[in-house]
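So this one's target-v8.cif, mmCIF, C-alpha atoms:
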data_work
#
loop_
_atom_site.label_atom_id
_atom_site.label_comp_id
_atom_site.auth_asym_id
_atom_site.auth_seq_id
_atom_site.Cartn_x
_atom_site.Cartn_y
_atom_site.Cartn_z
CA MET U 1 8.18 16.24 -4.60
CA SER U 2 9.16 19.90 -4.69
CA GLU U 3 6.90 22.72 -3.56
CA LEU U 4 6.34 23.74 -7.17
CA SER U 5 5.46 20.16 -8.16
CA GLU U 6 3.00 19.92 -5.28
CA TRP U 7 1.43 23.24 -6.28
CA ILE U 8 1.01 22.06 -9.89
CA ALA U 9 -0.50 18.78 -8.64
CA SER U 10 -2.99 20.74 -6.51
CA LEU U 11 -3.92 22.98 -9.45
CA LEU U 12 -4.54 19.94 -11.65
CA SER U 13 -6.63 18.22 -9.02
CA ASP U 14 -8.90 21.27 -8.91
CA PHE U 15 -8.92 21.56 -12.72
CA PHE U 16 -9.97 17.94 -13.23
CA VAL U 17 -12.88 18.45 -10.80
CA GLU U 18 -13.90 21.75 -12.48
CA GLN U 19 -13.90 20.06 -15.90
CA GLY U 20 -15.82 17.01 -14.67
CA TRP U 21 -12.87 14.86 -15.75
CA SER U 22 -13.14 12.25 -12.99
CA GLU U 23 -11.38 9.69 -15.20
CA HIS U 24 -8.27 11.91 -15.53
CA PHE U 25 -5.33 11.82 -13.15
CA LEU U 26 -1.86 13.25 -12.69
CA VAL U 27 0.94 10.73 -13.16
CA GLU U 28 4.02 12.84 -12.55
CA VAL U 29 5.48 16.35 -12.56
CA VAL U 30 9.14 16.53 -13.58
CA ILE U 31 10.99 19.82 -13.13
CA LYS U 32 14.48 20.11 -14.58
CA GLY U 33 15.69 23.69 -14.42
CA LYS U 34 13.38 25.74 -16.66
CA LYS U 35 11.71 22.67 -18.19
CA TYR U 36 8.44 21.58 -16.58
CA GLN U 37 7.02 18.26 -17.75
CA VAL U 38 3.52 17.32 -16.65
CA PHE U 39 2.32 13.80 -17.40
CA ILE U 40 -1.44 13.21 -17.22
CA ASP U 41 -3.48 10.14 -18.01
CA SER U 42 -7.05 8.97 -18.08
CA ASP U 43 -8.83 5.66 -17.70
CA ARG U 44 -9.71 5.95 -21.40
CA GLY U 45 -6.58 7.72 -22.73
CA VAL U 46 -5.72 11.39 -23.22
CA THR U 47 -6.25 13.48 -26.34
CA ILE U 48 -3.99 16.21 -27.68
CA GLY U 49 -6.83 18.67 -27.13
CA GLU U 50 -7.02 17.73 -23.46
CA CYS U 51 -3.26 18.20 -23.09
CA GLN U 52 -3.56 21.64 -24.72
CA LYS U 53 -6.40 22.60 -22.39
CA VAL U 54 -4.37 21.55 -19.33
CA SER U 55 -1.31 23.41 -20.68
CA ARG U 56 -3.26 26.66 -21.15
CA TYR U 57 -4.76 26.32 -17.68
CA LEU U 58 -1.37 25.79 -16.03
CA GLU U 59 0.30 28.57 -18.03
CA GLY U 60 -2.24 31.03 -16.64
CA TYR U 61 -1.14 30.21 -13.11
CA LEU U 62 2.57 29.78 -13.85
CA ASP U 63 2.78 33.16 -15.59
CA ASP U 64 1.34 34.88 -12.50
CA ASN U 65 3.57 33.06 -9.99
CA GLN U 66 6.62 35.00 -8.79
CA GLU U 67 8.45 31.72 -8.00
CA VAL U 68 8.41 30.63 -11.66
CA VAL U 69 11.16 31.81 -14.01
CA ASP U 70 9.98 33.94 -16.94
CA ASP U 71 11.28 31.72 -19.71
CA TYR U 72 10.07 28.30 -18.51
CA ASN U 73 9.19 25.54 -20.98
CA LEU U 74 5.97 23.68 -20.11
CA GLU U 75 5.21 20.30 -21.69
CA VAL U 76 1.94 18.51 -20.96
CA SER U 77 1.48 15.00 -22.34
CA SER U 78 0.39 11.48 -21.58
CA PRO U 79 3.22 9.35 -20.21
CA GLY U 80 3.49 7.13 -23.28
CA LEU U 81 4.38 3.46 -23.32
CA ASP U 82 8.10 4.08 -22.91
CA ARG U 83 7.77 5.62 -19.43
CA PRO U 84 7.55 3.45 -16.29
CA LEU U 85 4.29 3.05 -14.40
CA HIS U 86 4.25 5.36 -11.36
CA ILE U 87 0.91 5.15 -9.63
CA LYS U 88 -1.62 2.44 -8.78
CA ARG U 89 -4.20 3.84 -11.19
CA GLN U 90 -1.78 3.23 -14.09
CA TYR U 91 -1.38 -0.38 -12.99
CA LEU U 92 -5.16 -0.83 -12.83
CA LYS U 93 -5.58 0.74 -16.27
CA ASN U 94 -3.04 -1.66 -17.77
CA ILE U 95 -4.28 -4.96 -16.31
CA GLY U 96 -4.07 -7.59 -19.03
CA ARG U 97 -1.03 -6.05 -20.70
CA ARG U 98 2.45 -7.54 -20.81
CA VAL U 99 4.94 -5.79 -18.51
CA GLU U 100 8.63 -5.89 -17.72
CA VAL U 101 9.52 -5.64 -14.04
CA VAL U 102 13.03 -4.39 -13.23
CA PHE U 103 14.42 -4.94 -9.75
CA PRO U 104 17.09 -2.84 -8.00
CA SER U 105 19.58 -5.66 -8.65
CA GLY U 106 19.02 -5.29 -12.41
CA LYS U 107 17.14 -8.60 -12.68
CA LYS U 108 14.17 -8.46 -15.06
CA VAL U 109 10.96 -10.47 -15.16
CA GLU U 110 8.29 -10.34 -17.85
CA GLY U 111 4.69 -11.35 -17.45
CA GLN U 112 1.07 -10.31 -17.80
CA LEU U 113 -0.21 -7.76 -15.29
CA VAL U 114 -3.20 -9.41 -13.62
CA ASP U 115 -3.95 -7.35 -10.50
CA ALA U 116 -2.99 -4.25 -8.51
CA ASP U 117 -3.98 -2.77 -5.18
CA ASP U 118 -2.65 -0.22 -2.66
CA ASP U 119 0.29 -2.43 -1.66
CA GLY U 120 1.47 -3.95 -4.92
CA PHE U 121 0.66 -5.84 -8.07
CA LYS U 122 0.66 -9.37 -9.52
CA ILE U 123 1.95 -10.65 -12.81
CA ALA U 124 1.34 -14.03 -14.42
CA VAL U 125 4.56 -15.78 -15.44
CA PRO U 126 5.31 -19.26 -16.82
CA HIS U 127 5.55 -21.99 -14.18
CA PRO U 128 9.16 -22.51 -12.96
CA ASP U 129 8.82 -26.19 -13.94
CA LYS U 130 9.11 -25.85 -17.73
CA ARG U 131 7.15 -29.10 -18.22
CA ARG U 132 4.06 -27.47 -16.72
CA LYS U 133 2.11 -25.22 -19.06
CA GLU U 134 0.14 -23.18 -16.53
CA LEU U 135 0.99 -19.65 -15.43
CA VAL U 136 1.81 -18.70 -11.85
CA GLN U 137 0.77 -15.38 -10.32
CA MET U 138 3.71 -13.62 -8.69
CA PRO U 139 2.95 -10.81 -6.21
CA TYR U 140 5.29 -7.84 -5.84
CA ARG U 141 5.18 -4.84 -3.56
CA TYR U 142 5.73 -1.47 -5.26
CA GLU U 143 8.75 -0.70 -3.10
CA GLN U 144 10.41 -4.02 -4.14
CA VAL U 145 10.84 -2.97 -7.75
CA LYS U 146 12.89 -0.31 -9.50
CA GLN U 147 10.44 0.14 -12.39
CA VAL U 148 7.65 -1.49 -14.34
CA LYS U 149 7.15 -0.77 -18.04
CA ILE U 150 4.56 -1.88 -20.56
CA LYS U 151 6.08 -4.27 -23.10
CA ILE U 152 5.03 -3.57 -26.64
CA THR U 153 4.33 -6.84 -28.44
CA PHE U 154 3.52 -7.38 -32.08
CA SER U 155 1.53 -10.51 -32.72
#

Turn the structure described in the file into structure tokens.
Amino acid sequence: MSELSEWIASLLSDFFVEQGWSEHFLVEVVIKGKKYQVFIDSDRGVTIGECQKVSRYLEGYLDDNQEVVDDYNLEVSSPGLDRPLHIKRQYLKNIGRRVEVVFPSGKKVEGQLVDADDDGFKIAVPHPDKRRKELVQMPYRYEQVKQVKIKITFS
């Protein structure tokens, strides 16, 4: 994480406390040249109004910071379902949802997210013996996987 990313994370931590938003959390800060993307989430979801409030707050600090270029582009949003899960709190929030786990080798596994803790997470997958109908819980450590995404299912 860059110095600027860490500074933004610190500002947001203070802002969430000031607002009494204990259910809100920072997911990720992505800085690509003049484009600053800040992804926030909440245990109950994030509204557009909350994103606007966070954006105005950050702009006040970014505009006064000599390290920040004058014509930066700040985007504040929730991560959305198309972005991978990054932090434990996202895993906890999404327990019960279907996920796709992608490994560094490219192998993919789909299952239902059933648990998460500081070290990793578990998904329920069909038993390897196709004749058996029960699900098996497979544990994975965060560092074992390349990414985990929510699978959108229509049923």

Find the residue from U:Tyr36, U:Ala9, U:Gln144, U:Lys107 that sits nearest to Val69 in chain U; use all atoms listed in the file when measuring.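 Selected residue with least distance to Val69 in chain U: U:Tyr36.
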
Compile the contact shell of range 59-64 of chain U as a PyMOL selection string: residues with an atom at most 12 Å away, counting only C-alpha atoms, same-chain residues fewer than 2 positions apart removed. chain U and resi 4-5+7-8+10-12+15+34+36+38+52-57+66-76

I want to know what sits within 8 Å of Leu92 in chain U, based on all atoms listed in the file, with residues of the same chain fewer than 4 positions away left out; could you give that as a compact mmCIF listing (two decimals) with C-alpha atoms, in the frame of the given file?
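Wrote it out as out-v9.txt, contents follow:
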# COMPACT_ATOMS: atom_id res chain seq x y z
CA LYS U 88 -1.62 2.44 -8.78
CA ASP U 115 -3.95 -7.35 -10.50
CA ALA U 116 -2.99 -4.25 -8.51
CA ASP U 117 -3.98 -2.77 -5.18

Which residue out of U:Val136, U:Val109, U:Ile31, U:Ile152 has the minimum interatomic distance to Arg97 in chain U when only C-alpha atoms are used? U:Ile152

For CA of Tyr91 in chain U and CA of Gly20 in chain U, the interatomic separation in Å (one decimal):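 Interatomic distance, CA of Tyr91 in chain U to CA of Gly20 in chain U: 22.7 Å.
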
Residue with the minimum atom-to-atom distance to Val102 in chain U, picked from U:Asp129, U:Asp14, U:Glu50, U:Glu143 with all atoms listed in the file counted, is U:Glu143

Could you jot down the CA of Leu85 in chain U to CA of Lys149 in chain U separation for me, Å, one decimal place?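 If I compute the distance from CA of Leu85 in chain U to CA of Lys149 in chain U, I get 6.0 Å.
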
At a cut-off of 9 Å, using only C-alpha atoms, what residues contact Glu134 in chain U? Leave out same-chain residues fewer than 6 positions from it and give the result as a list in words. Val125, Pro126 and His127 of chain U

Axis-aligned box for all listed atoms of range 6-12 of chain U, 8 Å per side, centre and edges in Å to one decimal, as lines of an AutoDock Vina configuration file:
center_x = -0.8
center_y = 21.0
center_z = -8.5
size_x = 23.5
size_y = 20.5
size_z = 22.4

Please provide the set of residues having any atom within 8 Å of Val114 in chain U, restricted to only C-alpha atoms, with same-chain residues fewer than 4 positions apart removed, written as an MDAnalysis selection string. chainID U and resid 95:96 121:124 137

Would you compute the distance between CA of Ile48 in chain U and CA of Ser78 in chain U? Give it in Å to one decimal.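 Value for the CA of Ile48 in chain U-CA of Ser78 in chain U distance: 8.9 Å.
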
Neighbours of Arg98 in chain U within 9 Å (all atoms listed in the file; same-chain residues fewer than 5 positions away dropped), as a PyMOL selection string? chain U and resi 110-113+123+149-153

Nearest to His24 in chain U: which of U:Arg141, U:Lys93, U:His86, U:Lys108 is it, counting only C-alpha atoms?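 Selected residue with least distance to His24 in chain U: U:Lys93.
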
Residues picked by the PyMOL selection byres ((chain U and resi 44) around 12) here, as number ranges by chain? U: 21-25, 40-43, 45-47, 78, 89-90, 92-94

Output requested as a short mmCIF file (atom, residue, chain, number, x, y, z; two decimals), in the frame of the given file - range 66-91 of chain U, filled out with N, CA and C atoms.
data_model
loop_
_atom_site.label_atom_id
_atom_site.label_comp_id
_atom_site.auth_asym_id
_atom_site.auth_seq_id
_atom_site.Cartn_x
_atom_site.Cartn_y
_atom_site.Cartn_z
N GLN U 66 5.30 34.35 -8.92
CA GLN U 66 6.62 35.00 -8.79
C GLN U 66 7.75 33.98 -8.65
N GLU U 67 7.44 32.76 -8.20
CA GLU U 67 8.45 31.72 -8.00
C GLU U 67 8.91 31.10 -9.32
N VAL U 68 8.14 31.27 -10.37
CA VAL U 68 8.41 30.63 -11.66
C VAL U 68 9.25 31.56 -12.52
N VAL U 69 10.32 31.01 -13.12
CA VAL U 69 11.16 31.81 -14.01
C VAL U 69 10.36 32.23 -15.24
N ASP U 70 10.73 33.38 -15.81
CA ASP U 70 9.98 33.94 -16.94
C ASP U 70 10.03 33.08 -18.19
N ASP U 71 11.14 32.45 -18.45
CA ASP U 71 11.28 31.72 -19.71
C ASP U 71 11.22 30.20 -19.50
N TYR U 72 10.25 29.74 -18.74
CA TYR U 72 10.07 28.30 -18.51
C TYR U 72 9.53 27.64 -19.79
N ASN U 73 9.70 26.34 -19.86
CA ASN U 73 9.19 25.54 -20.98
C ASN U 73 8.27 24.48 -20.40
N LEU U 74 6.97 24.60 -20.65
CA LEU U 74 5.97 23.68 -20.11
C LEU U 74 5.59 22.66 -21.18
N GLU U 75 5.66 21.37 -20.82
CA GLU U 75 5.21 20.30 -21.69
C GLU U 75 4.15 19.50 -20.93
N VAL U 76 2.99 19.34 -21.55
CA VAL U 76 1.94 18.51 -20.96
C VAL U 76 1.66 17.39 -21.95
N SER U 77 1.73 16.15 -21.46
CA SER U 77 1.48 15.00 -22.34
C SER U 77 1.05 13.80 -21.53
N SER U 78 0.62 12.76 -22.24
CA SER U 78 0.39 11.48 -21.58
C SER U 78 1.77 10.85 -21.40
N PRO U 79 1.90 9.92 -20.46
CA PRO U 79 3.22 9.35 -20.21
C PRO U 79 3.79 8.53 -21.36
N GLY U 80 2.97 7.96 -22.20
CA GLY U 80 3.49 7.13 -23.28
C GLY U 80 3.92 5.77 -22.78
N LEU U 81 4.06 4.84 -23.69
CA LEU U 81 4.38 3.46 -23.32
C LEU U 81 5.83 3.28 -22.91
N ASP U 82 6.69 4.24 -23.23
CA ASP U 82 8.10 4.08 -22.91
C ASP U 82 8.44 4.52 -21.48
N ARG U 83 7.51 5.16 -20.79
CA ARG U 83 7.77 5.62 -19.43
C ARG U 83 7.27 4.58 -18.43
N PRO U 84 7.97 4.43 -17.31
CA PRO U 84 7.55 3.45 -16.29
C PRO U 84 6.21 3.83 -15.67
N LEU U 85 5.52 2.82 -15.15
CA LEU U 85 4.29 3.05 -14.40
C LEU U 85 4.69 3.67 -13.06
N HIS U 86 3.91 4.67 -12.61
CA HIS U 86 4.25 5.36 -11.36
C HIS U 86 3.21 5.21 -10.26
N ILE U 87 1.95 5.15 -10.65
CA ILE U 87 0.91 5.15 -9.63
C ILE U 87 -0.05 3.98 -9.83
N LYS U 88 -0.72 3.61 -8.75
CA LYS U 88 -1.62 2.44 -8.78
C LYS U 88 -2.63 2.53 -9.91
N ARG U 89 -3.17 3.69 -10.16
CA ARG U 89 -4.20 3.84 -11.19
C ARG U 89 -3.67 3.45 -12.57
N GLN U 90 -2.38 3.67 -12.83
CA GLN U 90 -1.78 3.23 -14.09
C GLN U 90 -1.73 1.71 -14.15
N TYR U 91 -1.41 1.08 -13.03
CA TYR U 91 -1.38 -0.38 -12.99
C TYR U 91 -2.78 -0.93 -13.28
#
